[in-house]
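To start, the structure itself, in structure tokens.
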Amino acid sequence: MKKDVIIYTDGACRGNPGPGGWAALLIYGERQKEICGRAPDTTNQRMELTAAIEGLRCLQEPCRVRLYSDSAYLVNAFNQGWLLRWQRNGWKTKAGGAVGNQDLWQELLLLSRQHDVKWHKVAGHSTDERNNRCDALARQAIDG
């Protein structure tokens with residue numbers, strides 16, 4: 001039987017592009033784990049995707065995951081079928097341009113296929129204490 005895991009993620013950037021940070025909060029039963037990291041020159045979108053990648057990388061076996069993010073870019077790509085369209089179109093957008101962050105999307109697809117992931121959008125900078133914690137960790141990570 002697969003374990004139920006909750007993951008909250010967030011990414012932040014000082015400037016866009018600029019130095020960035022990412023964070024994830026993993027919850028399994030009564031246990032919680034916080035992880036975070038930084039990149040010297042990146043974008044907010046890359047940090048949002050990196051947070052989800054790193055959160056999923058922490059899982060040591062296939063799990064049922066509820067992943068919460070304030071990134072519409074991340075959540076909508078899965079929930080609204082953007083990723084399927086991009087793949088069918090040879091990683092091109094509707095307008096014919098190359099999909100940004102393709103390297104991270106492909107890694108995220110591989111990781112998410114190992115689990116049963118449900119993607120949830122939460123309001124950023126709101127009353128969700130777990131999202132706010134991830135935001136604080138990601139911002140702290142920017143400074144190392």
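Within each chain, counting starts at residue 1; across the structure tokens, chains are named A, B, ... in the order shown, with ligands numbered 1 upward in that order.
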List the neighbours of Leu49 in chain A out to 8 Å using only C-alpha atoms; skip same-chain residues closer than 6 positions along the sequence, and give me the result as a compact mmCIF listing (two decimals) with C-alpha atoms, in the first residue's frame.
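Output saved as result-v7.txt:
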```
# COMPACT_ATOMS: atom_id res chain seq x y z
CA GLY A 11 10.27 29.24 -5.22
CA LEU A 74 3.37 24.44 -12.16
CA LEU A 104 13.00 20.79 -15.58
CA TRP A 105 9.60 19.80 -17.00
CA LEU A 108 9.41 16.60 -13.18
```
Can you pull out every residue from range 1-125 of chain A that DSSP, working from the backbone, puts in strand (DSSP E or B), and format the result as a PyMOL selection string? chain A and resi 3-13+18-28+31-42+63-69+92+98+116-121
Members of chain A assigned alpha helix (DSSP H) by DSSP, as JSON, numbers by chain: {"A": [44, 45, 46, 47, 48, 49, 50, 51, 52, 53, 54, 55, 56, 57, 72, 73, 74, 75, 76, 77, 78, 79, 82, 83, 84, 85, 86, 87, 88, 102, 103, 104, 105, 106, 107, 108, 109, 110, 111, 112, 129, 130, 131, 132, 133, 134, 135, 136, 137, 138, 139, 140, 141, 142]}
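Using only C-alpha atoms, the smallest distance between any of A:Ile6, A:Ala95, A:Ala123, A:Ala23 and Ile142 in chain A comes from A:Ala23.
In this comparison, which uses only C-alpha atoms, the residue of A:Arg85, A:Arg133, A:Arg139, A:Arg66 approaching His120 in chain A most closely is A:Arg66.
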Find the residues near Ala136 in chain A: any atom within 10 Å, counting only C-alpha atoms, skip ones fewer than 6 places away on the same chain, and give them as a ChimeraX atom specification. /A:10-12,21-23,130
